[in-house]
>>> print(open('my_file_3.tsv').read())   # TSV, C-alpha atoms
chain	number	residue	atom	x	y	z
A	199	MET	CA	-33.29	-47.85	-31.78
A	200	GLU	CA	-32.76	-44.13	-31.36
A	201	SER	CA	-33.43	-42.09	-28.24
A	202	ARG	CA	-33.27	-38.31	-28.01
A	203	ILE	CA	-32.14	-36.59	-24.83
A	204	LEU	CA	-32.41	-32.88	-24.06
A	205	PHE	CA	-29.72	-31.32	-21.85
A	206	LEU	CA	-31.46	-28.41	-20.16
A	207	GLY	CA	-30.36	-26.04	-17.41
A	208	PRO	CA	-28.97	-22.62	-16.53
A	209	VAL	CA	-26.02	-20.88	-18.16
A	210	GLY	CA	-22.69	-22.35	-17.11
A	211	ALA	CA	-24.07	-25.56	-15.62
A	212	GLY	CA	-22.19	-27.75	-18.13
A	213	LYS	CA	-24.72	-28.68	-20.82
A	214	THR	CA	-22.48	-27.97	-23.82
A	215	THR	CA	-19.51	-29.59	-22.09
A	216	ALA	CA	-21.54	-32.74	-21.35
A	217	VAL	CA	-22.79	-32.99	-24.95
A	218	ARG	CA	-19.23	-32.57	-26.24
A	219	THR	CA	-17.97	-35.13	-23.73
A	220	MET	CA	-20.42	-37.79	-24.90
A	221	SER	CA	-20.74	-37.16	-28.63
A	222	ASP	CA	-19.06	-39.59	-30.99
A	223	ILE	CA	-19.32	-37.06	-33.81
A	224	PRO	CA	-18.13	-33.46	-33.95
A	225	VAL	CA	-20.80	-31.46	-32.11
A	226	VAL	CA	-22.87	-29.06	-34.15
A	227	ASP	CA	-23.29	-25.98	-31.99
A	228	THR	CA	-24.58	-22.45	-32.13
A	229	ASP	CA	-22.12	-20.94	-29.68
A	230	VAL	CA	-21.43	-17.24	-30.11
A	231	LEU	CA	-19.38	-14.72	-28.16
A	232	ALA	CA	-21.27	-13.71	-25.04
A	233	SER	CA	-22.34	-10.08	-25.27
A	234	ASP	CA	-24.25	-9.58	-22.04
A	235	GLU	CA	-23.76	-10.44	-18.36
A	236	VAL	CA	-22.91	-14.01	-19.38
A	237	ARG	CA	-19.49	-12.83	-20.57
A	238	THR	CA	-18.44	-12.47	-16.92
A	239	MET	CA	-19.01	-16.23	-16.57
A	240	LYS	CA	-17.69	-17.55	-19.89
A	241	ALA	CA	-16.56	-16.40	-23.32
A	242	THR	CA	-19.24	-18.09	-25.46
A	243	THR	CA	-22.86	-19.08	-25.01
A	244	THR	CA	-25.33	-21.33	-26.84
A	245	VAL	CA	-28.07	-19.40	-28.64
A	246	ALA	CA	-30.06	-22.17	-30.33
A	247	MET	CA	-28.76	-25.67	-29.56
A	248	ASP	CA	-25.92	-28.14	-29.45
A	249	LEU	CA	-26.31	-31.42	-31.33
A	250	GLY	CA	-24.27	-34.56	-30.81
A	251	VAL	CA	-24.71	-38.32	-31.25
A	252	MET	CA	-23.64	-41.12	-28.94
A	253	GLU	CA	-23.28	-44.45	-30.72
A	254	LEU	CA	-24.29	-47.57	-28.78
A	255	ASP	CA	-23.78	-51.27	-29.35
A	256	GLY	CA	-26.01	-52.96	-31.91
A	257	GLY	CA	-26.47	-49.81	-34.00
A	258	ASP	CA	-28.52	-48.02	-31.34
A	259	ARG	CA	-27.79	-44.37	-30.68
A	260	ILE	CA	-28.70	-41.45	-28.51
A	261	VAL	CA	-29.12	-38.04	-30.09
A	262	LEU	CA	-27.95	-35.37	-27.65
A	263	TYR	CA	-29.56	-31.92	-27.78
A	264	GLY	CA	-28.19	-29.09	-25.64
A	265	ALA	CA	-30.59	-26.20	-25.03
A	266	PRO	CA	-29.52	-22.60	-24.44
A	267	GLY	CA	-29.54	-21.61	-20.78
A	268	GLN	CA	-30.43	-17.94	-21.12
A	269	ASP	CA	-34.09	-17.08	-20.52
A	270	ARG	CA	-34.24	-14.97	-23.66
A	271	PHE	CA	-33.75	-18.17	-25.70
A	272	ASP	CA	-36.31	-20.20	-23.73
A	273	PHE	CA	-38.54	-20.53	-26.81
A	274	MET	CA	-35.96	-23.09	-27.97
A	275	TRP	CA	-36.65	-25.27	-24.93
A	276	ASN	CA	-40.13	-26.18	-26.17
A	277	ILE	CA	-38.96	-26.67	-29.75
A	278	LEU	CA	-36.21	-29.04	-28.62
A	279	LEU	CA	-38.39	-30.73	-26.01
A	280	GLU	CA	-40.87	-31.74	-28.69
A	281	GLN	CA	-38.08	-33.75	-30.33
A	282	CYS	CA	-36.90	-35.48	-27.16
A	283	ASP	CA	-37.80	-38.60	-25.19
A	284	GLY	CA	-36.09	-37.64	-21.93
A	285	VAL	CA	-34.48	-34.71	-20.13
A	286	LEU	CA	-31.16	-34.36	-18.38
A	287	LEU	CA	-31.57	-31.26	-16.23
A	288	VAL	CA	-28.05	-30.00	-15.51
A	289	LEU	CA	-27.73	-27.87	-12.38
A	290	ASP	CA	-24.68	-26.00	-11.09
A	291	HIS	CA	-24.36	-26.90	-7.40
A	292	ALA	CA	-22.15	-23.83	-6.84
A	293	ALA	CA	-24.70	-21.40	-8.32
A	294	ALA	CA	-26.22	-18.71	-6.11
A	295	ASP	CA	-29.53	-20.63	-5.80
A	296	PRO	CA	-29.54	-24.04	-7.50
A	297	LEU	CA	-32.84	-24.91	-5.81
A	298	ALA	CA	-34.55	-21.97	-7.51
A	299	ASP	CA	-33.05	-23.20	-10.80
A	300	LEU	CA	-34.44	-26.68	-10.14
A	301	ARG	CA	-37.92	-25.32	-9.41
A	302	ARG	CA	-37.89	-22.99	-12.42
A	303	TYR	CA	-36.85	-25.63	-14.94
A	304	HIS	CA	-39.08	-28.33	-13.49
A	305	ASP	CA	-42.08	-25.97	-13.58
A	306	ALA	CA	-41.25	-25.02	-17.19
A	307	LEU	CA	-41.15	-28.70	-18.14
A	308	MET	CA	-44.44	-29.46	-16.41
A	309	ARG	CA	-46.15	-26.56	-18.22
A	310	ASN	CA	-45.12	-28.02	-21.56
A	311	GLY	CA	-48.33	-29.91	-22.25
A	312	ALA	CA	-49.53	-33.36	-21.29
A	313	LYS	CA	-46.62	-35.42	-22.63
A	314	ARG	CA	-44.32	-36.08	-19.70
A	315	ARG	CA	-40.74	-37.21	-20.14
A	316	PRO	CA	-38.45	-39.05	-17.75
A	317	MET	CA	-35.94	-36.70	-16.16
A	318	VAL	CA	-32.65	-37.03	-14.34
A	319	VAL	CA	-31.12	-34.09	-12.51
A	320	GLY	CA	-27.36	-34.06	-13.06
A	321	VAL	CA	-25.62	-31.91	-10.44
A	322	THR	CA	-22.30	-30.40	-11.54
A	323	HIS	CA	-19.65	-28.30	-9.78
A	324	ALA	CA	-20.25	-29.99	-6.40
A	325	ASP	CA	-16.53	-29.63	-5.70
A	326	LEU	CA	-16.93	-25.83	-5.77
A	327	ALA	CA	-19.54	-25.81	-2.98
A	328	PRO	CA	-18.65	-28.76	-0.72
A	329	GLN	CA	-20.30	-27.10	2.28
A	330	ARG	CA	-23.72	-27.24	0.56
A	331	PRO	CA	-25.32	-30.65	1.22
A	332	LEU	CA	-26.93	-32.54	-1.64
A	333	ALA	CA	-29.83	-33.36	0.68
A	334	LEU	CA	-31.14	-29.85	-0.04
A	335	TYR	CA	-32.38	-31.08	-3.41
A	336	ASP	CA	-34.52	-33.76	-1.76
A	337	ALA	CA	-36.63	-31.08	-0.08
A	338	VAL	CA	-37.55	-29.79	-3.54
A	339	LEU	CA	-37.68	-33.13	-5.36
A	340	GLN	CA	-39.83	-34.97	-2.81
A	341	PRO	CA	-43.03	-32.95	-3.46
A	342	MET	CA	-42.38	-33.27	-7.22
A	343	ARG	CA	-42.13	-37.04	-6.83
A	344	ALA	CA	-45.23	-37.23	-4.64
A	345	ARG	CA	-47.33	-35.13	-7.03
A	346	CYS	CA	-47.85	-38.04	-9.38
A	347	GLY	CA	-45.58	-41.00	-8.81
A	348	CYS	CA	-45.33	-42.13	-12.44
A	349	VAL	CA	-41.86	-42.72	-13.87
A	350	ALA	CA	-42.03	-39.70	-16.16
A	351	CYS	CA	-42.82	-37.33	-13.28
A	352	THR	CA	-40.31	-38.76	-10.80
A	353	PRO	CA	-37.00	-36.95	-11.26
A	354	THR	CA	-33.90	-38.67	-9.91
A	355	LEU	CA	-30.68	-36.94	-8.82
A	356	GLN	CA	-27.07	-37.82	-9.64
A	357	LEU	CA	-23.75	-36.04	-9.25
A	358	MET	CA	-21.72	-35.65	-12.41
A	359	ASP	CA	-18.66	-33.94	-13.77
A	360	ALA	CA	-19.68	-32.73	-17.24
A	361	ARG	CA	-16.08	-33.29	-18.42
A	362	SER	CA	-16.09	-36.96	-17.38
A	363	ARG	CA	-17.36	-39.42	-19.96
A	364	HIS	CA	-17.83	-41.96	-17.15
A	365	ASP	CA	-19.98	-39.59	-15.05
A	366	VAL	CA	-22.18	-38.35	-17.89
A	367	ARG	CA	-22.57	-41.89	-19.22
A	368	ALA	CA	-23.76	-43.06	-15.77
A	369	VAL	CA	-26.44	-40.35	-15.76
A	370	LEU	CA	-27.50	-41.24	-19.31
A	371	VAL	CA	-27.72	-44.94	-18.36
A	372	THR	CA	-30.09	-43.99	-15.53
A	373	LEU	CA	-32.16	-41.90	-17.93
A	374	ALA	CA	-32.20	-44.71	-20.51
A	375	ALA	CA	-33.49	-47.11	-17.84
A	376	LEU	CA	-36.24	-44.63	-16.91
A	377	LEU	CA	-37.16	-44.30	-20.60
A	378	GLU	CA	-37.45	-48.06	-20.95
A	379	VAL	CA	-39.58	-48.41	-17.81
A	380	SER	CA	-41.74	-45.49	-18.93
A	381	GLN	CA	-42.31	-47.06	-22.35
A	382	ARG	CA	-43.22	-50.42	-20.82
A	383	ALA	CA	-45.50	-49.01	-18.13
A	384	THR	CA	-48.36	-48.15	-20.44
A	385	THR	CA	-51.03	-49.07	-17.90
A	386	ARG	CA	-50.12	-46.31	-15.43
A	387	ARG	CA	-51.43	-42.89	-16.44
A	388	CYS	CA	-49.85	-39.67	-15.39
A	389	ASN	CA	-51.87	-37.87	-12.71
A	390	ALA	CA	-49.99	-34.56	-12.87
>>> encode(input="my_file_3.tsv", output="structure tokens")
Amino acid sequence: MESRILFLGPVGAGKTTAVRTMSDIPVVDTDVLASDEVRTMKATTTVAMDLGVMELDGGDRIVLYGAPGQDRFDFMWNILLEQCDGVLLVLDHAAADPLADLRRYHDALMRNGAKRRPMVVGVTHADLAPQRPLALYDAVLQPMRARCGCVACTPTLQLMDARSRHDVRAVLVTLAALLEVSQRATTRRCNA
């Protein structure tokens, strides 16, 4: 069995790092030197995608796609999303407004046609903003969860360090479980 997961989120949240952390093959990437305001945050940026593969027991595997975070490359989000079964939305907890990022990416995903995909929100850089409570995300996630209630429209939240194979694996296990439940729950239609 093969599953495809899209790592989506703002610049600097840790998407490329997480894909590199989990891939069992050398990651194919489209990183280039940052030439705009991104260069104040990091030296390189993804302009098309990252591609990795995580091998599982029994010959199963997860194909890992990392989307570019810059809005000017957002056309790639829909292209990559069409290939994917689930979404790992990576948010930087220390960003200026991670709740606005959550709303923006969730809204973009919901506008992408009728096919809904299970989503887990992986929160990175929590150590850089320890004064900001994680409960803030619940205020945004709760209405999203209540809107429909089906597995595909019910995002869950987990902390993760994109450099930690253990942390990213735990988030992917949650997403894999949501994918399995979503595939089995064929009687419940999405109301969103």
>>> atom_distance(input="my_file_3.tsv", atom1="CA of Leu332 in chain A", atom2="CA of Gly267 in chain A")
22.2 Å
>>> closest_residue(input="my_file_3.tsv", among="A:Ala375, A:Val369, A:Leu204, A:Leu355", to="His291 in chain A", atoms="only C-alpha atoms")
A:Leu355
>>> closest_residue(input="my_file_3.tsv", among="A:Asp283, A:Val321, A:Ala293, A:Ala211", to="Gln268 in chain A", atoms="only C-alpha atoms")
A:Ala211
>>> closest_residue(input="my_file_3.tsv", among="A:Val226, A:Ala292, A:Ile277, A:Gly212", to="Pro328 in chain A", atoms="only C-alpha atoms")
A:Ala292
>>> atom_distance(input="my_file_3.tsv", atom1="CA of Met247 in chain A", atom2="CA of Ser362 in chain A")
20.9 Å
>>> closest_residue(input="my_file_3.tsv", among="A:Arg202, A:Asp325, A:Ala306, A:Lys213", to="Phe273 in chain A", atoms="only C-alpha atoms")
A:Ala306
>>> closest_residue(input="my_file_3.tsv", among="A:Pro224, A:Arg361, A:Ala216, A:Ile203", to="Leu278 in chain A", atoms="all atoms listed in the file")
A:Ile203
>>> atom_distance(input="my_file_3.tsv", atom1="CA of Val319 in chain A", atom2="CA of Asp222 in chain A")
22.7 Å
>>> closest_residue(input="my_file_3.tsv", among="A:Gln356, A:Thr322, A:Ser201, A:Gln340", to="Glu253 in chain A", atoms="all atoms listed in the file")
A:Ser201
>>> residues_around(input="my_file_3.tsv", residues="Ala265 in chain A", least_positions_apart="4", cutoff="10 Å", atoms="all atoms listed in the file", output="PyMOL selection string")
chain A and resi 204-209+213-214+244-249+271-279
